[in-house]
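File shown: my_file23.cif. Contents: mmCIF, C-alpha atoms.
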```cif
data_my_file
loop_
_atom_site.label_atom_id
_atom_site.label_comp_id
_atom_site.auth_asym_id
_atom_site.auth_seq_id
_atom_site.Cartn_x
_atom_site.Cartn_y
_atom_site.Cartn_z
CA MET F 954 -67.24 -93.57 136.40
CA LEU F 955 -66.84 -91.66 133.15
CA ASP F 956 -69.31 -91.76 130.29
CA GLU F 957 -68.35 -93.56 127.11
CA PRO F 958 -66.26 -91.09 125.09
CA ASP F 959 -67.16 -90.13 121.55
CA LEU F 960 -64.98 -91.50 118.77
CA SER F 961 -64.11 -89.38 115.74
CA PHE F 962 -64.29 -90.79 112.21
CA SER F 963 -63.07 -87.72 110.33
CA PRO F 964 -60.14 -85.34 110.81
CA SER F 965 -62.11 -82.48 109.26
CA ASP F 966 -65.81 -83.03 110.09
CA SER F 967 -66.57 -82.74 113.79
CA ALA F 968 -70.07 -84.11 113.21
CA GLN F 969 -68.71 -87.55 112.25
CA VAL F 970 -68.61 -88.94 115.77
CA ASP F 971 -70.22 -91.90 117.49
CA VAL F 972 -69.84 -93.57 120.85
CA HIS F 973 -69.95 -97.01 119.19
CA PRO F 974 -66.84 -97.90 117.12
CA LEU F 975 -68.50 -100.36 114.74
CA ARG F 976 -71.61 -98.29 114.21
CA GLY F 977 -69.43 -95.26 113.55
CA LEU F 978 -67.37 -97.17 110.99
CA ALA F 979 -70.49 -98.39 109.20
CA LYS F 980 -71.98 -94.88 109.17
CA PHE F 981 -68.96 -92.71 108.38
CA GLY F 982 -66.11 -94.97 107.28
CA PRO F 983 -62.66 -94.92 108.89
CA TYR F 984 -60.88 -91.84 110.18
CA SER F 985 -58.10 -92.25 107.60
CA LYS F 986 -60.41 -92.85 104.61
CA GLY F 987 -59.09 -89.78 102.81
CA SER F 988 -55.39 -90.21 103.40
CA PHE F 989 -55.27 -94.02 103.24
CA GLY F 990 -57.25 -94.24 100.00
CA GLY F 991 -54.96 -91.66 98.46
CA PHE F 992 -51.93 -93.75 99.32
CA THR F 993 -53.24 -97.12 98.11
CA SER F 994 -56.49 -98.55 96.81
CA ARG F 995 -55.83 -102.05 98.19
CA VAL F 996 -54.83 -103.95 101.31
CA ARG F 997 -52.72 -106.88 100.10
CA ILE F 998 -52.56 -110.01 102.24
CA ALA F 999 -49.65 -112.44 102.30
CA THR F 1000 -50.02 -115.78 104.08
CA VAL F 1001 -47.86 -118.26 105.98
CA GLY F 1002 -49.03 -121.60 107.30
CA PRO F 1003 -49.45 -125.32 106.62
CA GLU F 1004 -50.03 -126.09 102.97
CA SER F 1005 -53.12 -128.19 103.75
CA ALA F 1006 -54.99 -125.07 104.97
CA PHE F 1007 -53.89 -122.74 102.17
CA ARG F 1008 -57.32 -122.82 100.52
CA ARG F 1009 -59.11 -122.27 103.83
CA ARG F 1010 -57.01 -119.20 104.53
CA GLY F 1011 -57.93 -117.84 101.12
CA GLU F 1012 -61.62 -118.53 101.68
CA LEU F 1013 -61.48 -116.74 105.00
CA MET F 1014 -60.02 -113.65 103.35
CA LEU F 1015 -62.65 -113.81 100.60
CA SER F 1016 -65.38 -113.95 103.25
CA LEU F 1017 -64.27 -110.54 104.54
CA ARG F 1018 -65.35 -109.03 101.22
CA ASN F 1019 -68.93 -110.22 101.74
CA THR F 1020 -71.74 -108.90 103.91
CA HIS F 1021 -72.69 -110.76 107.10
CA ARG F 1022 -75.69 -110.48 109.38
CA PRO F 1023 -74.93 -110.53 113.12
CA SER F 1024 -75.85 -113.71 114.99
CA ASP F 1025 -74.55 -112.83 118.46
CA ARG F 1026 -74.38 -109.77 120.73
CA SER F 1027 -77.06 -108.02 118.70
CA GLU F 1028 -76.87 -104.97 120.99
CA TYR F 1029 -73.25 -104.44 119.96
CA VAL F 1030 -72.55 -106.08 116.57
CA PRO F 1031 -74.12 -104.28 113.57
CA PRO F 1032 -74.37 -105.87 110.11
CA TYR F 1033 -70.96 -106.21 108.51
CA PRO F 1034 -71.08 -104.42 105.11
CA GLY F 1035 -68.00 -105.96 103.46
CA PHE F 1036 -64.40 -104.80 103.59
CA GLU F 1037 -64.42 -102.48 100.58
CA LYS F 1038 -67.61 -100.68 101.55
CA LEU F 1039 -66.43 -100.41 105.15
CA TYR F 1040 -62.86 -99.22 104.61
CA HIS F 1041 -63.09 -97.73 101.10
CA VAL F 1042 -60.24 -99.92 99.81
CA GLU F 1043 -60.10 -103.42 98.34
CA LEU F 1044 -58.90 -106.49 100.23
CA VAL F 1045 -56.81 -108.63 97.86
CA SER F 1046 -54.39 -111.51 97.87
CA ALA F 1047 -50.72 -110.69 97.47
CA PRO F 1048 -48.82 -112.25 94.52
CA ARG F 1049 -47.78 -115.91 94.64
CA ASP F 1050 -44.27 -115.29 96.01
CA ALA F 1051 -45.79 -113.74 99.15
CA HIS F 1052 -47.50 -116.99 100.19
CA ILE F 1053 -45.37 -119.45 102.13
CA LYS F 1054 -46.62 -123.01 102.59
CA TRP F 1055 -45.27 -124.93 105.53
CA PRO F 1056 -45.30 -128.73 105.95
CA GLU F 1057 -48.00 -130.30 108.09
CA ASN F 1058 -45.61 -131.66 110.70
CA ILE F 1059 -43.16 -129.42 112.56
CA TYR F 1060 -40.54 -132.18 112.42
CA ASP F 1061 -40.62 -131.85 108.63
CA PHE F 1062 -39.16 -128.34 108.90
CA ALA F 1063 -35.56 -127.97 107.89
CA GLY F 1064 -33.00 -127.97 110.68
CA ASP F 1065 -32.48 -129.77 113.95
CA GLY F 1066 -33.66 -129.40 117.50
CA ASP F 1067 -36.91 -129.53 119.42
CA PRO F 1068 -40.24 -128.41 117.88
CA GLN F 1069 -39.94 -124.90 119.33
CA THR F 1070 -36.50 -124.40 117.78
CA ARG F 1071 -37.64 -125.74 114.41
CA LEU F 1072 -40.72 -123.52 114.42
CA PHE F 1073 -38.74 -120.42 115.33
CA LEU F 1074 -36.24 -121.10 112.54
CA ALA F 1075 -39.11 -121.63 110.11
CA MET F 1076 -40.67 -118.32 111.13
CA GLU F 1077 -37.37 -116.52 110.73
CA ALA F 1078 -36.85 -118.11 107.29
CA ALA F 1079 -40.39 -117.05 106.29
CA PHE F 1080 -39.67 -113.45 107.23
CA ARG F 1081 -36.42 -113.50 105.27
CA GLN F 1082 -38.28 -114.80 102.23
CA LEU F 1083 -41.05 -112.24 102.61
CA GLU F 1084 -38.51 -109.47 103.02
CA LEU F 1085 -37.46 -110.09 99.42
CA VAL F 1086 -40.97 -109.23 98.19
CA ARG F 1087 -41.83 -106.61 100.82
CA ASN F 1088 -43.26 -104.21 98.24
CA GLU F 1089 -45.84 -106.81 97.19
CA PHE F 1090 -47.91 -107.04 100.40
CA ASP F 1091 -49.15 -105.04 103.40
CA VAL F 1092 -49.95 -107.60 106.11
CA VAL F 1093 -48.99 -111.25 106.64
CA LEU F 1094 -51.59 -113.71 107.88
CA VAL F 1095 -49.81 -116.43 109.90
CA HIS F 1096 -51.66 -119.64 110.73
CA PHE F 1097 -50.69 -121.84 113.68
CA PRO F 1098 -52.92 -124.94 113.58
CA ASP F 1099 -54.28 -126.31 116.84
CA SER F 1100 -52.34 -129.53 116.32
CA TRP F 1101 -49.17 -127.51 116.93
CA ASN F 1102 -50.29 -126.24 120.34
CA PRO F 1103 -47.71 -128.30 122.29
CA ALA F 1104 -44.99 -126.57 120.27
CA THR F 1105 -46.41 -123.07 119.97
CA ARG F 1106 -46.62 -122.40 123.70
CA SER F 1107 -44.53 -123.68 126.58
CA LYS F 1108 -42.95 -122.26 129.72
CA LEU F 1109 -39.99 -120.95 127.76
CA PHE F 1110 -41.50 -120.28 124.33
CA ASP F 1111 -44.55 -118.52 122.94
CA ALA F 1112 -44.83 -118.65 119.14
CA HIS F 1113 -47.12 -115.62 119.04
CA ASP F 1114 -44.66 -113.47 121.00
CA ALA F 1115 -41.71 -114.77 118.98
CA LEU F 1116 -43.55 -113.99 115.75
CA LYS F 1117 -44.29 -110.42 116.85
CA ALA F 1118 -40.64 -109.92 117.83
CA LEU F 1119 -39.51 -111.17 114.42
CA GLY F 1120 -42.10 -108.97 112.74
CA ALA F 1121 -40.71 -105.93 114.55
CA ARG F 1122 -37.19 -106.89 113.52
CA PHE F 1123 -38.12 -107.24 109.85
CA LYS F 1124 -40.69 -104.38 109.96
CA ILE F 1125 -43.45 -106.70 108.75
CA PRO F 1126 -46.93 -106.53 110.35
CA THR F 1127 -48.59 -109.87 111.11
CA GLN F 1128 -52.02 -111.22 112.02
CA VAL F 1129 -52.06 -114.61 113.76
CA LEU F 1130 -54.78 -117.17 113.08
CA ASN F 1131 -55.67 -120.42 114.78
CA ASP F 1132 -58.13 -123.07 113.62
CA ARG F 1133 -61.02 -121.43 115.47
CA ALA F 1134 -61.14 -118.70 112.84
CA PHE F 1135 -62.23 -121.29 110.25
CA THR F 1136 -65.08 -122.71 112.33
CA PHE F 1137 -66.32 -119.69 114.29
CA GLN F 1138 -70.07 -119.56 113.79
CA HIS F 1139 -70.68 -115.85 114.27
CA LYS F 1140 -69.45 -114.60 110.91
CA ALA F 1141 -70.25 -110.92 111.40
CA SER F 1142 -68.34 -110.74 114.68
CA LEU F 1143 -65.37 -112.52 113.15
CA ALA F 1144 -65.40 -110.28 110.08
CA TRP F 1145 -65.53 -107.07 112.13
CA ARG F 1146 -62.61 -108.16 114.30
CA LEU F 1147 -60.39 -109.53 111.56
CA ALA F 1148 -61.10 -106.79 109.02
CA THR F 1149 -60.39 -104.05 111.54
CA ALA F 1150 -57.17 -105.75 112.65
CA LEU F 1151 -55.96 -106.05 109.04
CA TYR F 1152 -56.81 -102.43 108.26
CA VAL F 1153 -54.97 -101.16 111.33
CA LYS F 1154 -51.92 -103.33 110.65
CA ALA F 1155 -51.85 -102.01 107.09
CA ALA F 1156 -51.37 -98.56 108.71
CA GLY F 1157 -55.01 -97.46 108.57
CA THR F 1158 -56.73 -95.54 111.38
CA PRO F 1159 -60.32 -96.69 111.96
CA TRP F 1160 -61.16 -93.99 114.54
CA LYS F 1161 -59.65 -91.60 117.04
CA LEU F 1162 -60.81 -90.43 120.41
CA ALA F 1163 -62.85 -87.27 119.90
CA PRO F 1164 -61.76 -84.15 121.80
CA LEU F 1165 -62.72 -84.26 125.47
CA ARG F 1166 -63.93 -81.16 127.29
CA GLY F 1167 -61.24 -79.78 129.55
CA VAL F 1168 -58.52 -82.02 128.12
CA PRO F 1169 -55.63 -80.35 126.23
CA ALA F 1170 -55.64 -81.06 122.50
CA ASP F 1171 -52.11 -82.47 122.56
CA THR F 1172 -52.91 -85.15 125.16
CA ALA F 1173 -51.78 -88.65 124.16
CA TYR F 1174 -53.77 -91.72 125.22
CA ASN F 1175 -51.78 -94.92 125.52
CA ARG F 1176 -54.58 -97.38 126.22
CA LEU F 1177 -58.31 -97.37 126.90
CA VAL F 1178 -59.59 -99.98 129.35
CA HIS F 1179 -63.04 -101.18 130.39
CA CYS F 1180 -63.52 -103.37 133.47
CA PRO F 1181 -67.16 -104.56 133.43
CA CYS F 1182 -66.49 -107.57 135.66
CA LEU F 1183 -66.30 -105.41 138.77
CA PRO F 1184 -69.39 -105.83 140.99
CA GLY F 1185 -72.07 -103.37 139.95
CA HIS F 1186 -70.13 -102.04 136.98
CA GLN F 1187 -72.02 -102.17 133.70
CA THR F 1188 -70.73 -101.08 130.33
CA ASN F 1189 -72.38 -101.30 126.93
CA TYR F 1190 -69.59 -102.19 124.61
CA SER F 1191 -67.06 -104.48 126.32
CA ASP F 1192 -67.09 -108.19 126.94
CA HIS F 1193 -64.09 -108.54 129.20
CA CYS F 1194 -61.22 -106.67 130.80
CA ILE F 1195 -58.39 -105.83 128.45
CA GLY F 1196 -55.11 -103.99 128.40
CA LEU F 1197 -53.55 -103.34 131.76
CA VAL F 1198 -55.03 -106.38 133.47
CA SER F 1199 -52.63 -108.67 131.64
CA VAL F 1200 -49.71 -106.43 132.58
CA VAL F 1201 -50.67 -106.30 136.25
CA ARG F 1202 -51.18 -110.06 136.41
CA ARG F 1203 -47.58 -110.59 135.34
CA ILE F 1204 -46.34 -108.22 138.02
CA LEU F 1205 -48.48 -109.64 140.83
CA PRO F 1206 -49.48 -113.19 139.87
CA GLN F 1207 -50.86 -114.11 143.31
CA TYR F 1208 -54.21 -112.28 143.07
CA PRO F 1209 -57.54 -113.48 141.55
CA LEU F 1210 -58.68 -111.94 138.26
CA GLN F 1211 -61.27 -109.66 139.85
CA ALA F 1212 -58.58 -108.08 142.01
CA TYR F 1213 -56.61 -107.06 138.91
CA CYS F 1214 -59.72 -105.51 137.41
CA ALA F 1215 -60.14 -103.51 140.61
CA PHE F 1216 -56.50 -102.42 140.53
CA VAL F 1217 -56.84 -101.14 136.99
CA ALA F 1218 -60.28 -99.57 137.29
CA ARG F 1219 -59.33 -97.68 140.47
CA GLY F 1220 -56.08 -96.41 139.03
CA LEU F 1221 -53.82 -98.32 141.41
CA PHE F 1222 -51.80 -99.55 138.43
CA SER F 1223 -52.03 -96.84 135.81
CA LEU F 1224 -48.45 -97.42 134.55
CA ASN F 1225 -48.75 -94.16 132.59
CA PHE F 1226 -51.89 -95.42 130.86
CA SER F 1227 -55.05 -93.30 130.68
CA ILE F 1228 -58.05 -95.23 132.02
CA VAL F 1229 -61.43 -94.22 130.62
#
```

Write the structure described by the file as structure tokens, please.
Amino acid sequence: MLDEPDLSFSPSDSAQVDVHPLRGLAKFGPYSKGSFGGFTSRVRIATVGPESAFRRRGELMLSLRNTHRPSDRSEYVPPYPGFEKLYHVELVSAPRDAHIKWPENIYDFAGDGDPQTRLFLAMEAAFRQLELVRNEFDVVLVHFPDSWNPATRSKLFDAHDALKALGARFKIPTQVLNDRAFTFQHKASLAWRLATALYVKAAGTPWKLAPLRGVPADTAYNRLVHCPCLPGHQTNYSDHCIGLVSVVRRILPQYPLQAYCAFVARGLFSLNFSIV
């Protein structure tokens, strides 16, 4: 097994490295703090979702500006210092025209067809509307309430995947929310995850893999994967297997989860990914 690699938080200062991504961010700021801050001083958030939760979405974004003390995984989660202090840019709401309020019931959407068809058409219409004000926002927060679960995911339709495909078509980055984000008790953990996701989707770079001894400088890394659920495998900073496991499970659906972790960790399914 390889040691945890250092992460770099500066393109010019080789001393700004840390093995822990969140601790490194809190200590040094993001890797792109110089270039990103020179391009824009704000990350502007547009929103799409049921009108009844419009205020809750706004409150959630406001909470990312505040500090939060960790209440879970104390060995991993440091205090969250607030978005501006962390990423050196403001987090702000986009102008009014970049906020789209959907009806509460999917059957109240315009058009005909089953709930999946209506939802897809509503998402496409939202992107077309947002495209008209594309210069007014950086990332779109899209809320699918839990009450829509029967419509958002079925054997033939996944609203999350459809949304990402539409986002790629319209060149609009999105962050999906469900109701759990409003009630999650561990505020620091939630803030770290959501703030980092928004910064990355706004084209920021929080960190990069620091140079590795013996590895050419022009090496590209497609994905980094931890598999701590293998027997006897301990890692400090991961809660579950990510990345290739989901890919392998789709290819070979007949095996138990632990088998996929073994496949990935032992390099049996690298699929051109670098496993560290």

Apply the PyMOL selection byres ((chain F and resi 985) around 7) to the file shown and report the selected residues as an mmCIF file with C-alpha atoms, in the frame of the given file.
```
data_model
loop_
_atom_site.group_PDB
_atom_site.id
_atom_site.type_symbol
_atom_site.label_atom_id
_atom_site.label_comp_id
_atom_site.auth_asym_id
_atom_site.auth_seq_id
_atom_site.Cartn_x
_atom_site.Cartn_y
_atom_site.Cartn_z
ATOM 1 C CA PRO F 983 -62.660 -94.920 108.890
ATOM 2 C CA TYR F 984 -60.880 -91.840 110.180
ATOM 3 C CA LYS F 986 -60.410 -92.850 104.610
ATOM 4 C CA GLY F 987 -59.090 -89.780 102.810
ATOM 5 C CA SER F 988 -55.390 -90.210 103.400
ATOM 6 C CA PHE F 989 -55.270 -94.020 103.240
ATOM 7 C CA GLY F 1157 -55.010 -97.460 108.570
ATOM 8 C CA THR F 1158 -56.730 -95.540 111.380
ATOM 9 C CA PRO F 1159 -60.320 -96.690 111.960
#
```

Residues near Arg1018 (chain F), cut-off 6 Å, all atoms listed in the file, skip fewer than 3 positions along chain, as a VMD selection string: chain F and resid 1015 1035 to 1036

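Interatomic distance, CA of Ser1016 (chain F) against CA of Lys980 (chain F): 21.0 Å.
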
Could you tell me how far CA of Arg1081 (chain F) sits from CA of Arg1009 (chain F), in Å to one decimal place?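 Distance between the two atoms: 24.4 Å.
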
Once you count only C-alpha atoms, what closest atom pair and distance in Å to one decimal does each residue of region 964-1081 of chain F within 12 Å of region 1131-1138 of chain F have, with rows by chain and rising residue number, as JSON lines?
```
{"residue": "F:Val1001", "atom": "CA", "partner": "F:Asn1131", "partner_atom": "CA", "distance": 12.0}
{"residue": "F:Gly1002", "atom": "CA", "partner": "F:Asn1131", "partner_atom": "CA", "distance": 10.1}
{"residue": "F:Pro1003", "atom": "CA", "partner": "F:Asn1131", "partner_atom": "CA", "distance": 11.4}
{"residue": "F:Ala1006", "atom": "CA", "partner": "F:Asp1132", "partner_atom": "CA", "distance": 9.4}
{"residue": "F:Phe1007", "atom": "CA", "partner": "F:Phe1135", "partner_atom": "CA", "distance": 11.7}
{"residue": "F:Arg1008", "atom": "CA", "partner": "F:Phe1135", "partner_atom": "CA", "distance": 11.0}
{"residue": "F:Arg1009", "atom": "CA", "partner": "F:Phe1135", "partner_atom": "CA", "distance": 7.2}
{"residue": "F:Arg1010", "atom": "CA", "partner": "F:Phe1135", "partner_atom": "CA", "distance": 8.0}
{"residue": "F:Gly1011", "atom": "CA", "partner": "F:Phe1135", "partner_atom": "CA", "distance": 10.7}
{"residue": "F:Glu1012", "atom": "CA", "partner": "F:Phe1135", "partner_atom": "CA", "distance": 9.0}
{"residue": "F:Leu1013", "atom": "CA", "partner": "F:Phe1135", "partner_atom": "CA", "distance": 7.0}
{"residue": "F:Met1014", "atom": "CA", "partner": "F:Phe1135", "partner_atom": "CA", "distance": 10.5}
{"residue": "F:Ser1016", "atom": "CA", "partner": "F:Phe1135", "partner_atom": "CA", "distance": 10.6}
{"residue": "F:His1021", "atom": "CA", "partner": "F:Gln1138", "partner_atom": "CA", "distance": 11.4}
{"residue": "F:Arg1022", "atom": "CA", "partner": "F:Gln1138", "partner_atom": "CA", "distance": 11.6}
{"residue": "F:Pro1023", "atom": "CA", "partner": "F:Gln1138", "partner_atom": "CA", "distance": 10.3}
{"residue": "F:Ser1024", "atom": "CA", "partner": "F:Gln1138", "partner_atom": "CA", "distance": 8.3}
{"residue": "F:Asp1025", "atom": "CA", "partner": "F:Gln1138", "partner_atom": "CA", "distance": 9.3}
```

Which distance in Å separates CA of Leu1017 (chain F) and CA of Val1129 (chain F), to one decimal? 15.8 Å

Give me the result of the PyMOL selection byres ((chain F and resi 1078) around 12) on this file, residue by residue, as a list of chain:residue names. F:Val1001, F:Ile1053, F:Lys1054, F:Trp1055, F:Phe1062, F:Ala1063, F:Gly1064, F:Arg1071, F:Leu1072, F:Phe1073, F:Leu1074, F:Ala1075, F:Met1076, F:Glu1077, F:Ala1079, F:Phe1080, F:Arg1081, F:Gln1082, F:Leu1083, F:Glu1084, F:Leu1085, F:Leu1116, F:Leu1119, F:Gly1120, F:Phe1123

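Applied to the file shown here, the PyMOL selection byres ((chain F and resi 1142-1148) around 7) selects Leu1017, Pro1023, Val1030, Tyr1033, Phe1036, His1139, Lys1140, Ala1141, Thr1149, Ala1150, Leu1151 and Tyr1152 of chain F.
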
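For the set F:Ala1047, F:Ala1170, F:Leu960, F:Ile1059, the residue with the smallest atom-to-atom gap to Trp1101 (chain F) is F:Ile1059, counting all atoms listed in the file.
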
Residue with smallest distance to Lys1108 (chain F) - pool F:Gln1069, F:Leu1162, F:Thr1172, F:Ala979, counting all atoms listed in the file: F:Gln1069

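Residues in contact with Val970 (chain F) at 9 Å, where all atoms listed in the file are counted and same-chain residues fewer than 6 positions away are skipped, are listed as Asp959, Leu960, Ser961, Phe962, Ser963, Gly977, Phe981 and Ala1163 of chain F.
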
Option closest in space to Glu1089 (chain F), from F:Arg1166, F:Lys1117, F:Arg976, F:Arg995 [counting only C-alpha atoms]: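 Among the listed residues, F:Arg995 lies closest to Glu1089 (chain F).
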
To test the calculation: enclose all listed atoms of region 1014-1028 of chain F in a box whose edges run along x, y and z, add 3 Å on each side, then state centre and edge lengths in Å to one decimal, as AutoDock Vina command-line options.
```
--center_x -68.5 --center_y -109.5 --center_z 110.8 --size_x 23.0 --size_y 15.0 --size_z 26.4
```
